[in-house]
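S.K.: This is the structure I have questions about; it appears just below.
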Amino acid sequence: MAHNKIVVCGAGFIGKQIARNLLSSPTNKDPKRIVQLSSRNPTPLLQALEKSVPKTSSSQLRVEPLDITDPSTLAPAFEGAHTVISLVGILHGRPSDFEKIQWRGAENVAATANDIAYWRTKGLGESAVLAAHPEATIIRPSLVFGPEDDFFNRFAKLARFLPVLPVFGGGHARFQPVYVGDLAEAVEAMCRGDHEIELAISGKIMEAGGPRVFTYLELMEAVLKYTHRYRPIVSVPFWMGVLSGRFSERLPVNLFTITKDQVKQLRYDNIVNPDLKPNELSFEDFVQNYCSHSLTPLYKVVPSYLD
């Protein structure tokens, strides 16, 4: 098996950053490293990356379409790979769509990659993944921020059009935003073929969060601060948000779309558990040890891309 082919499954902004890091990281000493972009339509991601990585690295990019719900498309895409990174997931859809893509799809990928190093960043389907591939490493990120994120950019746009910014249930749910660059650097470190790192992460779960915990309300305050806007922040009862989501999710996806499940999730914290279990690793320690820097705080990045 070649140790220089890495398959990135998923075409979102996290996948783009990981692929970019795999190609342009100063720690990448392998000029033969191949980064393969795989999704139903990977060509737009390829075209975007070709503009943002050094010309000497763009020749290391490949594309191979696949459909994680169709196992017959996976084996050809994974052939010869040393590492498979699964980032495929959806934010909107019916319950059957979530099961098909984020649970069964993850199971299909893990089963096909059962003799390949495998990393996954979606929470659903973890049991199925580990059953099919016990050596898999699972990364559970909290809210991920970066120049193309769907959270801060979305609420910055909403602040342009809405007279108020809504939060549900007082905005008390807590998040631990993690910078996409830190996440991508960590994944790149896992792909170096370093025996010490591979032993440390084999079969482990890593909860990825940033250096500070924020409430949902504080994140909305940050959006307004960094966009230099003033809007009242209004608390909306959860029941009203769920009711709104029932109607919203039936309409075509747009800037104002929210689903009832997204509202329900805001009842719960999404932060790193400081008490590590035997099968868990500290993301903060991993970044410090293998990427040689501390976690990136929100204020150093978000103001640079919000307007």
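Lettering and numbering for the structure tokens are positional, with chains as A, B, ... in the shown order, residues counted from 1 in each chain, and ligands counted from 1 in the shown order.
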Step one, run DSSP on the backbone; step two, keep only residues of stretch 114-211 of chain A assigned to helix (DSSP H, G or I); then write them as a PyMOL selection string.
M.R.: chain A and resi 126-132+152-161+169-171+180-190+195-201
S.K.: Could you list, as an MDAnalysis selection string, every residue within 10 Å of A:Val263, counting only C-alpha atoms and ignoring same-chain residues fewer than 6 positions away?
M.R.: chainID A and resid 167:169 238:245
S.K.: For the residues in that selection, give me all heavy atoms as a PDB file, in the first residue's frame.
M.R.:
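The result, stored in result_25.pdb:
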```pdb
ATOM      1  N   VAL A 167     -31.912  34.548  19.760  1.00  0.00           N
ATOM      2  CA  VAL A 167     -31.275  33.396  20.405  1.00  0.00           C
ATOM      3  C   VAL A 167     -32.398  32.587  21.045  1.00  0.00           C
ATOM      4  O   VAL A 167     -33.439  33.128  21.402  1.00  0.00           O
ATOM      5  CB  VAL A 167     -30.233  33.810  21.472  1.00  0.00           C
ATOM      6  CG1 VAL A 167     -29.069  34.558  20.837  1.00  0.00           C
ATOM      7  CG2 VAL A 167     -30.865  34.639  22.577  1.00  0.00           C
ATOM      8  N   PHE A 168     -32.198  31.294  21.160  1.00  0.00           N
ATOM      9  CA  PHE A 168     -33.247  30.428  21.695  1.00  0.00           C
ATOM     10  C   PHE A 168     -32.974  30.104  23.159  1.00  0.00           C
ATOM     11  O   PHE A 168     -31.843  29.810  23.551  1.00  0.00           O
ATOM     12  CB  PHE A 168     -33.341  29.145  20.873  1.00  0.00           C
ATOM     13  CG  PHE A 168     -33.736  29.391  19.442  1.00  0.00           C
ATOM     14  CD1 PHE A 168     -32.794  29.340  18.422  1.00  0.00           C
ATOM     15  CD2 PHE A 168     -35.046  29.700  19.119  1.00  0.00           C
ATOM     16  CE1 PHE A 168     -33.153  29.586  17.111  1.00  0.00           C
ATOM     17  CE2 PHE A 168     -35.414  29.954  17.810  1.00  0.00           C
ATOM     18  CZ  PHE A 168     -34.460  29.896  16.800  1.00  0.00           C
ATOM     19  N   GLY A 169     -34.056  30.200  23.950  1.00  0.00           N
ATOM     20  CA  GLY A 169     -33.958  29.841  25.359  1.00  0.00           C
ATOM     21  C   GLY A 169     -32.957  30.668  26.139  1.00  0.00           C
ATOM     22  O   GLY A 169     -32.317  30.166  27.078  1.00  0.00           O
ATOM     23  N   PHE A 238     -37.928  28.081  23.184  1.00  0.00           N
ATOM     24  CA  PHE A 238     -37.602  26.901  22.381  1.00  0.00           C
ATOM     25  C   PHE A 238     -38.815  26.389  21.607  1.00  0.00           C
ATOM     26  O   PHE A 238     -38.692  25.991  20.449  1.00  0.00           O
ATOM     27  CB  PHE A 238     -37.048  25.788  23.278  1.00  0.00           C
ATOM     28  CG  PHE A 238     -35.602  25.956  23.614  1.00  0.00           C
ATOM     29  CD1 PHE A 238     -35.202  26.197  24.918  1.00  0.00           C
ATOM     30  CD2 PHE A 238     -34.622  25.869  22.637  1.00  0.00           C
ATOM     31  CE1 PHE A 238     -33.862  26.357  25.237  1.00  0.00           C
ATOM     32  CE2 PHE A 238     -33.276  26.016  22.944  1.00  0.00           C
ATOM     33  CZ  PHE A 238     -32.901  26.268  24.253  1.00  0.00           C
ATOM     34  N   TRP A 239     -39.986  26.415  22.242  1.00  0.00           N
ATOM     35  CA  TRP A 239     -41.162  25.875  21.565  1.00  0.00           C
ATOM     36  C   TRP A 239     -41.464  26.671  20.297  1.00  0.00           C
ATOM     37  O   TRP A 239     -41.881  26.101  19.277  1.00  0.00           O
ATOM     38  CB  TRP A 239     -42.380  25.860  22.504  1.00  0.00           C
ATOM     39  CG  TRP A 239     -42.920  27.218  22.883  1.00  0.00           C
ATOM     40  CD1 TRP A 239     -42.629  27.929  23.998  1.00  0.00           C
ATOM     41  CD2 TRP A 239     -43.840  28.022  22.121  1.00  0.00           C
ATOM     42  NE1 TRP A 239     -43.309  29.132  24.003  1.00  0.00           N
ATOM     43  CE2 TRP A 239     -44.064  29.207  22.862  1.00  0.00           C
ATOM     44  CE3 TRP A 239     -44.509  27.852  20.907  1.00  0.00           C
ATOM     45  CZ2 TRP A 239     -44.911  30.220  22.429  1.00  0.00           C
ATOM     46  CZ3 TRP A 239     -45.361  28.868  20.460  1.00  0.00           C
ATOM     47  CH2 TRP A 239     -45.553  30.026  21.221  1.00  0.00           C
ATOM     48  N   MET A 240     -41.222  27.977  20.350  1.00  0.00           N
ATOM     49  CA  MET A 240     -41.477  28.805  19.182  1.00  0.00           C
ATOM     50  C   MET A 240     -40.443  28.514  18.082  1.00  0.00           C
ATOM     51  O   MET A 240     -40.777  28.485  16.892  1.00  0.00           O
ATOM     52  CB  MET A 240     -41.431  30.288  19.575  1.00  0.00           C
ATOM     53  CG  MET A 240     -41.898  31.234  18.471  1.00  0.00           C
ATOM     54  SD  MET A 240     -41.897  32.974  19.028  1.00  0.00           S
ATOM     55  CE  MET A 240     -43.205  32.906  20.266  1.00  0.00           C
ATOM     56  N   GLY A 241     -39.204  28.264  18.506  1.00  0.00           N
ATOM     57  CA  GLY A 241     -38.175  27.929  17.535  1.00  0.00           C
ATOM     58  C   GLY A 241     -38.446  26.599  16.854  1.00  0.00           C
ATOM     59  O   GLY A 241     -38.258  26.451  15.645  1.00  0.00           O
ATOM     60  N   VAL A 242     -38.909  25.611  17.632  1.00  0.00           N
ATOM     61  CA  VAL A 242     -39.231  24.301  17.061  1.00  0.00           C
ATOM     62  C   VAL A 242     -40.389  24.421  16.079  1.00  0.00           C
ATOM     63  O   VAL A 242     -40.369  23.832  14.990  1.00  0.00           O
ATOM     64  CB  VAL A 242     -39.568  23.288  18.179  1.00  0.00           C
ATOM     65  CG1 VAL A 242     -40.111  21.984  17.588  1.00  0.00           C
ATOM     66  CG2 VAL A 242     -38.326  23.001  19.023  1.00  0.00           C
ATOM     67  N   LEU A 243     -41.392  25.199  16.457  1.00  0.00           N
ATOM     68  CA  LEU A 243     -42.539  25.405  15.575  1.00  0.00           C
ATOM     69  C   LEU A 243     -42.097  26.086  14.272  1.00  0.00           C
ATOM     70  O   LEU A 243     -42.511  25.676  13.175  1.00  0.00           O
ATOM     71  CB  LEU A 243     -43.592  26.258  16.285  1.00  0.00           C
ATOM     72  CG  LEU A 243     -44.913  26.489  15.534  1.00  0.00           C
ATOM     73  CD1 LEU A 243     -45.636  25.165  15.306  1.00  0.00           C
ATOM     74  CD2 LEU A 243     -45.807  27.454  16.320  1.00  0.00           C
ATOM     75  N   SER A 244     -41.254  27.092  14.399  1.00  0.00           N
ATOM     76  CA  SER A 244     -40.738  27.770  13.210  1.00  0.00           C
ATOM     77  C   SER A 244     -39.937  26.812  12.341  1.00  0.00           C
ATOM     78  O   SER A 244     -40.033  26.834  11.105  1.00  0.00           O
ATOM     79  CB  SER A 244     -39.868  28.959  13.631  1.00  0.00           C
ATOM     80  OG  SER A 244     -39.267  29.562  12.514  1.00  0.00           O
ATOM     81  N   GLY A 245     -39.141  25.951  12.990  1.00  0.00           N
ATOM     82  CA  GLY A 245     -38.333  24.991  12.250  1.00  0.00           C
ATOM     83  C   GLY A 245     -39.156  24.001  11.461  1.00  0.00           C
ATOM     84  O   GLY A 245     -38.762  23.576  10.366  1.00  0.00           O
TER      85      GLY A 245
END
```
S.K.: Within stretch 144-283 of chain A, find each residue whose DSSP state, derived from the backbone, is strand (DSSP E or B), and express the selection as an MDAnalysis selection string.
M.R.: chainID A and resid 144:145 165:168 174:175 178:179 205:208 214:215 233:236 270 280:282
S.K.: Export, as an mmCIF file, in the first residue's frame, the selected residues with N, CA, C and O atoms.
M.R.:
```
data_model
loop_
_atom_site.group_PDB
_atom_site.id
_atom_site.type_symbol
_atom_site.label_atom_id
_atom_site.label_comp_id
_atom_site.auth_asym_id
_atom_site.auth_seq_id
_atom_site.Cartn_x
_atom_site.Cartn_y
_atom_site.Cartn_z
ATOM 1 N N VAL A 144 -16.977 24.944 14.368
ATOM 2 C CA VAL A 144 -15.741 25.202 13.625
ATOM 3 C C VAL A 144 -15.839 26.576 12.958
ATOM 4 O O VAL A 144 -16.805 26.864 12.250
ATOM 5 N N PHE A 145 -14.823 27.420 13.181
ATOM 6 C CA PHE A 145 -14.837 28.745 12.554
ATOM 7 C C PHE A 145 -13.650 28.898 11.606
ATOM 8 O O PHE A 145 -12.616 28.242 11.739
ATOM 9 N N LEU A 165 -31.291 40.125 16.469
ATOM 10 C CA LEU A 165 -30.705 38.793 16.335
ATOM 11 C C LEU A 165 -31.367 37.887 17.373
ATOM 12 O O LEU A 165 -31.333 38.180 18.575
ATOM 13 N N PRO A 166 -31.969 36.786 16.940
ATOM 14 C CA PRO A 166 -32.633 35.900 17.888
ATOM 15 C C PRO A 166 -31.679 34.880 18.495
ATOM 16 O O PRO A 166 -30.732 34.423 17.853
ATOM 17 N N VAL A 167 -31.912 34.548 19.760
ATOM 18 C CA VAL A 167 -31.275 33.396 20.405
ATOM 19 C C VAL A 167 -32.398 32.587 21.045
ATOM 20 O O VAL A 167 -33.439 33.128 21.402
ATOM 21 N N PHE A 168 -32.198 31.294 21.160
ATOM 22 C CA PHE A 168 -33.247 30.428 21.695
ATOM 23 C C PHE A 168 -32.974 30.104 23.159
ATOM 24 O O PHE A 168 -31.843 29.810 23.551
ATOM 25 N N ARG A 174 -23.653 26.314 25.612
ATOM 26 C CA ARG A 174 -22.237 26.678 25.525
ATOM 27 C C ARG A 174 -21.557 25.966 24.348
ATOM 28 O O ARG A 174 -21.857 24.813 24.043
ATOM 29 N N PHE A 175 -20.639 26.701 23.715
ATOM 30 C CA PHE A 175 -19.856 26.177 22.605
ATOM 31 C C PHE A 175 -18.377 26.460 22.865
ATOM 32 O O PHE A 175 -18.029 27.379 23.609
ATOM 33 N N VAL A 178 -13.621 26.028 17.546
ATOM 34 C CA VAL A 178 -12.278 25.586 17.177
ATOM 35 C C VAL A 178 -11.951 26.107 15.781
ATOM 36 O O VAL A 178 -12.786 26.066 14.878
ATOM 37 N N TYR A 179 -10.742 26.598 15.616
ATOM 38 C CA TYR A 179 -10.315 27.172 14.340
ATOM 39 C C TYR A 179 -10.064 26.057 13.328
ATOM 40 O O TYR A 179 -9.385 25.065 13.623
ATOM 41 N N ILE A 205 -10.772 8.616 20.279
ATOM 42 C CA ILE A 205 -11.726 9.695 20.023
ATOM 43 C C ILE A 205 -11.131 10.993 20.559
ATOM 44 O O ILE A 205 -10.577 11.023 21.659
ATOM 45 N N MET A 206 -11.236 12.050 19.761
ATOM 46 C CA MET A 206 -10.659 13.334 20.138
ATOM 47 C C MET A 206 -11.742 14.412 20.033
ATOM 48 O O MET A 206 -12.276 14.651 18.953
ATOM 49 N N GLU A 207 -12.110 15.015 21.145
ATOM 50 C CA GLU A 207 -13.055 16.117 21.135
ATOM 51 C C GLU A 207 -12.275 17.403 20.873
ATOM 52 O O GLU A 207 -11.380 17.759 21.641
ATOM 53 N N ALA A 208 -12.605 18.060 19.765
ATOM 54 C CA ALA A 208 -11.828 19.220 19.330
ATOM 55 C C ALA A 208 -12.560 20.514 19.657
ATOM 56 O O ALA A 208 -13.630 20.793 19.114
ATOM 57 N N PHE A 214 -17.805 29.736 25.040
ATOM 58 C CA PHE A 214 -18.730 30.862 24.898
ATOM 59 C C PHE A 214 -20.161 30.357 25.014
ATOM 60 O O PHE A 214 -20.469 29.236 24.589
ATOM 61 N N THR A 215 -21.049 31.206 25.523
ATOM 62 C CA THR A 215 -22.466 30.900 25.389
ATOM 63 C C THR A 215 -22.927 31.331 24.002
ATOM 64 O O THR A 215 -22.254 32.130 23.321
ATOM 65 N N ILE A 233 -30.484 41.773 20.877
ATOM 66 C CA ILE A 233 -30.481 40.304 20.878
ATOM 67 C C ILE A 233 -31.702 39.861 21.679
ATOM 68 O O ILE A 233 -31.832 40.173 22.869
ATOM 69 N N VAL A 234 -32.592 39.148 21.013
ATOM 70 C CA VAL A 234 -33.892 38.805 21.595
ATOM 71 C C VAL A 234 -33.974 37.304 21.839
ATOM 72 O O VAL A 234 -33.688 36.502 20.941
ATOM 73 N N SER A 235 -34.374 36.925 23.047
ATOM 74 C CA SER A 235 -34.540 35.513 23.371
ATOM 75 C C SER A 235 -35.886 35.005 22.864
ATOM 76 O O SER A 235 -36.934 35.626 23.096
ATOM 77 N N VAL A 236 -35.847 33.881 22.153
ATOM 78 C CA VAL A 236 -37.050 33.240 21.612
ATOM 79 C C VAL A 236 -37.254 31.915 22.348
ATOM 80 O O VAL A 236 -36.303 31.132 22.491
ATOM 81 N N ASN A 270 -22.121 22.113 23.671
ATOM 82 C CA ASN A 270 -21.255 21.435 22.713
ATOM 83 C C ASN A 270 -19.818 21.855 23.022
ATOM 84 O O ASN A 270 -19.222 22.668 22.327
ATOM 85 N N GLU A 280 -9.871 8.195 24.787
ATOM 86 C CA GLU A 280 -9.923 9.572 24.300
ATOM 87 C C GLU A 280 -8.558 10.246 24.416
ATOM 88 O O GLU A 280 -7.747 9.910 25.288
ATOM 89 N N LEU A 281 -8.325 11.203 23.524
ATOM 90 C CA LEU A 281 -7.106 12.005 23.526
ATOM 91 C C LEU A 281 -7.465 13.485 23.619
ATOM 92 O O LEU A 281 -8.510 13.906 23.121
ATOM 93 N N SER A 282 -6.578 14.270 24.199
ATOM 94 C CA SER A 282 -6.780 15.717 24.284
ATOM 95 C C SER A 282 -6.366 16.370 22.971
ATOM 96 O O SER A 282 -5.209 16.247 22.543
#
```
S.K.: With a distance cut-off of 8 Å and only C-alpha atoms, select the neighbouring residues of A:Arg62, excluding the residue or stretch itself and same-chain residues fewer than 3 positions from it, and output the selection as a ChimeraX atom specification.
M.R.: /A:34-37,46
S.K.: Go ahead and save the picked residues with N, CA, C and O atoms, as a compact mmCIF listing (two decimals), in the first residue's frame.
M.R.:
```txt
# COMPACT_ATOMS: atom_id res chain seq x y z
N ILE A 34 0.04 12.39 -2.63
CA ILE A 34 -1.13 12.62 -3.47
C ILE A 34 -2.34 12.87 -2.57
O ILE A 34 -2.62 12.08 -1.66
N VAL A 35 -3.03 13.96 -2.82
CA VAL A 35 -4.27 14.26 -2.08
C VAL A 35 -5.43 14.13 -3.06
O VAL A 35 -5.52 14.87 -4.03
N GLN A 36 -6.27 13.16 -2.77
CA GLN A 36 -7.41 12.88 -3.67
C GLN A 36 -8.69 13.44 -3.06
O GLN A 36 -9.04 13.14 -1.92
N LEU A 37 -9.39 14.26 -3.82
CA LEU A 37 -10.66 14.84 -3.40
C LEU A 37 -11.78 13.95 -3.91
O LEU A 37 -11.88 13.70 -5.11
N LEU A 46 -11.63 21.05 -6.44
CA LEU A 46 -10.34 20.98 -7.12
C LEU A 46 -9.98 22.34 -7.72
O LEU A 46 -8.86 22.83 -7.56
```
S.K.: Counting only C-alpha atoms, what are the residues of stretch 171-290 of chain A within 8 Å of stretch 23-33 of chain A, and for each of them which pair of atoms is the nearest and at what distance in Å, to one decimal? Sort the table by chain and rising number, as CSV.
M.R.:
```
residue,atom,partner,partner_atom,distance
A:Glu185,CA,A:Ser25,CA,8.0
A:Glu188,CA,A:Ser25,CA,7.9
A:Arg192,CA,A:Asn28,CA,7.3
```
S.K.: Here is a test: counting only C-alpha atoms, which residue of A:Leu130, A:Leu266, A:Cys291, A:Leu158 is nearest to A:Asn279?
M.R.: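 Closest candidate: A:Leu130.
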S.K.: Of the candidates A:Asn273, A:Ser39, A:Ala132, A:Ser292, which one gets nearest to A:Asp67 if we count only C-alpha atoms?
M.R.: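 When distances to A:Asp67 are compared using only C-alpha atoms, the smallest one comes from A:Ser39.
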S.K.: Could you tell me which of A:Met220, A:Arg212, A:Glu79, A:Gly146 comes closest to A:Val301 if we count only C-alpha atoms?
M.R.: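 That would be A:Gly146, the residue with the smallest distance to A:Val301.
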S.K.: With distances taken over only C-alpha atoms, which residue among A:His82, A:Glu126, A:Pro134, A:Ser142 lies nearest A:Ile271?
M.R.: A:Ser142
S.K.: When distances are computed from only C-alpha atoms, which of A:Gly193, A:Gly12, A:Pro163, A:Pro211 shows the smallest separation from A:Ser86?
M.R.: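 Nearest to A:Ser86: A:Gly12.
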S.K.: Quick one: residues within 12 Å of A:Lys225, only C-alpha atoms counted, chain neighbours fewer than 4 positions away excluded, as a PyMOL selection string?
M.R.: chain A and resi 152+156+159+218-221+229-231+299+302-303+306-307
S.K.: Write a file of the selected residues as a PDB file, in the first residue's frame, keeping N, CA, C and O atoms.
M.R.:
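The result, stored in selection_9.pdb:
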```pdb
ATOM      1  N   PHE A 152     -20.535  31.976  11.654  1.00  0.00           N
ATOM      2  CA  PHE A 152     -20.304  33.412  11.821  1.00  0.00           C
ATOM      3  C   PHE A 152     -20.662  34.185  10.557  1.00  0.00           C
ATOM      4  O   PHE A 152     -21.224  35.285  10.633  1.00  0.00           O
ATOM      5  N   ALA A 156     -23.557  37.037  10.484  1.00  0.00           N
ATOM      6  CA  ALA A 156     -23.160  38.382  10.048  1.00  0.00           C
ATOM      7  C   ALA A 156     -24.096  38.866   8.942  1.00  0.00           C
ATOM      8  O   ALA A 156     -24.489  40.041   8.919  1.00  0.00           O
ATOM      9  N   ALA A 159     -27.449  39.728  10.422  1.00  0.00           N
ATOM     10  CA  ALA A 159     -27.420  41.023  11.121  1.00  0.00           C
ATOM     11  C   ALA A 159     -27.580  42.194  10.159  1.00  0.00           C
ATOM     12  O   ALA A 159     -27.961  43.292  10.576  1.00  0.00           O
ATOM     13  N   GLU A 218     -23.136  35.002  23.872  1.00  0.00           N
ATOM     14  CA  GLU A 218     -21.837  35.666  23.720  1.00  0.00           C
ATOM     15  C   GLU A 218     -21.340  35.597  22.278  1.00  0.00           C
ATOM     16  O   GLU A 218     -20.680  36.526  21.791  1.00  0.00           O
ATOM     17  N   LEU A 219     -21.651  34.514  21.577  1.00  0.00           N
ATOM     18  CA  LEU A 219     -21.252  34.410  20.171  1.00  0.00           C
ATOM     19  C   LEU A 219     -22.004  35.425  19.316  1.00  0.00           C
ATOM     20  O   LEU A 219     -21.437  36.010  18.384  1.00  0.00           O
ATOM     21  N   MET A 220     -23.287  35.640  19.617  1.00  0.00           N
ATOM     22  CA  MET A 220     -24.031  36.662  18.882  1.00  0.00           C
ATOM     23  C   MET A 220     -23.472  38.051  19.184  1.00  0.00           C
ATOM     24  O   MET A 220     -23.385  38.913  18.295  1.00  0.00           O
ATOM     25  N   GLU A 221     -23.076  38.281  20.418  1.00  0.00           N
ATOM     26  CA  GLU A 221     -22.453  39.560  20.769  1.00  0.00           C
ATOM     27  C   GLU A 221     -21.142  39.746  20.011  1.00  0.00           C
ATOM     28  O   GLU A 221     -20.814  40.856  19.578  1.00  0.00           O
ATOM     29  N   ARG A 229     -21.882  46.398  14.166  1.00  0.00           N
ATOM     30  CA  ARG A 229     -23.315  46.675  14.068  1.00  0.00           C
ATOM     31  C   ARG A 229     -23.939  46.616  15.453  1.00  0.00           C
ATOM     32  O   ARG A 229     -23.468  45.930  16.349  1.00  0.00           O
ATOM     33  N   TYR A 230     -25.051  47.314  15.574  1.00  0.00           N
ATOM     34  CA  TYR A 230     -25.842  47.195  16.788  1.00  0.00           C
ATOM     35  C   TYR A 230     -27.199  46.616  16.434  1.00  0.00           C
ATOM     36  O   TYR A 230     -27.895  47.114  15.559  1.00  0.00           O
ATOM     37  N   ARG A 231     -27.547  45.522  17.085  1.00  0.00           N
ATOM     38  CA  ARG A 231     -28.882  44.936  16.974  1.00  0.00           C
ATOM     39  C   ARG A 231     -29.272  44.421  18.355  1.00  0.00           C
ATOM     40  O   ARG A 231     -28.449  43.801  19.044  1.00  0.00           O
ATOM     41  N   TYR A 299     -10.826  35.607  18.580  1.00  0.00           N
ATOM     42  CA  TYR A 299     -10.625  37.030  18.259  1.00  0.00           C
ATOM     43  C   TYR A 299      -9.482  37.266  17.286  1.00  0.00           C
ATOM     44  O   TYR A 299      -9.391  38.329  16.665  1.00  0.00           O
ATOM     45  N   VAL A 302     -11.717  35.630  13.475  1.00  0.00           N
ATOM     46  CA  VAL A 302     -13.054  35.997  13.016  1.00  0.00           C
ATOM     47  C   VAL A 302     -13.157  37.447  12.541  1.00  0.00           C
ATOM     48  O   VAL A 302     -13.777  37.710  11.497  1.00  0.00           O
ATOM     49  N   PRO A 303     -12.568  38.439  13.219  1.00  0.00           N
ATOM     50  CA  PRO A 303     -12.697  39.826  12.716  1.00  0.00           C
ATOM     51  C   PRO A 303     -12.126  40.019  11.312  1.00  0.00           C
ATOM     52  O   PRO A 303     -12.529  40.952  10.622  1.00  0.00           O
ATOM     53  N   LEU A 306     -15.215  38.840   8.725  1.00  0.00           N
ATOM     54  CA  LEU A 306     -16.610  39.302   8.819  1.00  0.00           C
ATOM     55  C   LEU A 306     -16.715  40.753   8.377  1.00  0.00           C
ATOM     56  O   LEU A 306     -15.814  41.557   8.574  1.00  0.00           O
ATOM     57  N   ASP A 307     -17.845  41.087   7.733  1.00  0.00           N
ATOM     58  CA  ASP A 307     -18.079  42.487   7.369  1.00  0.00           C
ATOM     59  C   ASP A 307     -19.548  42.822   7.584  1.00  0.00           C
ATOM     60  O   ASP A 307     -20.328  42.025   7.983  1.00  0.00           O
TER      61      ASP A 307
END
```
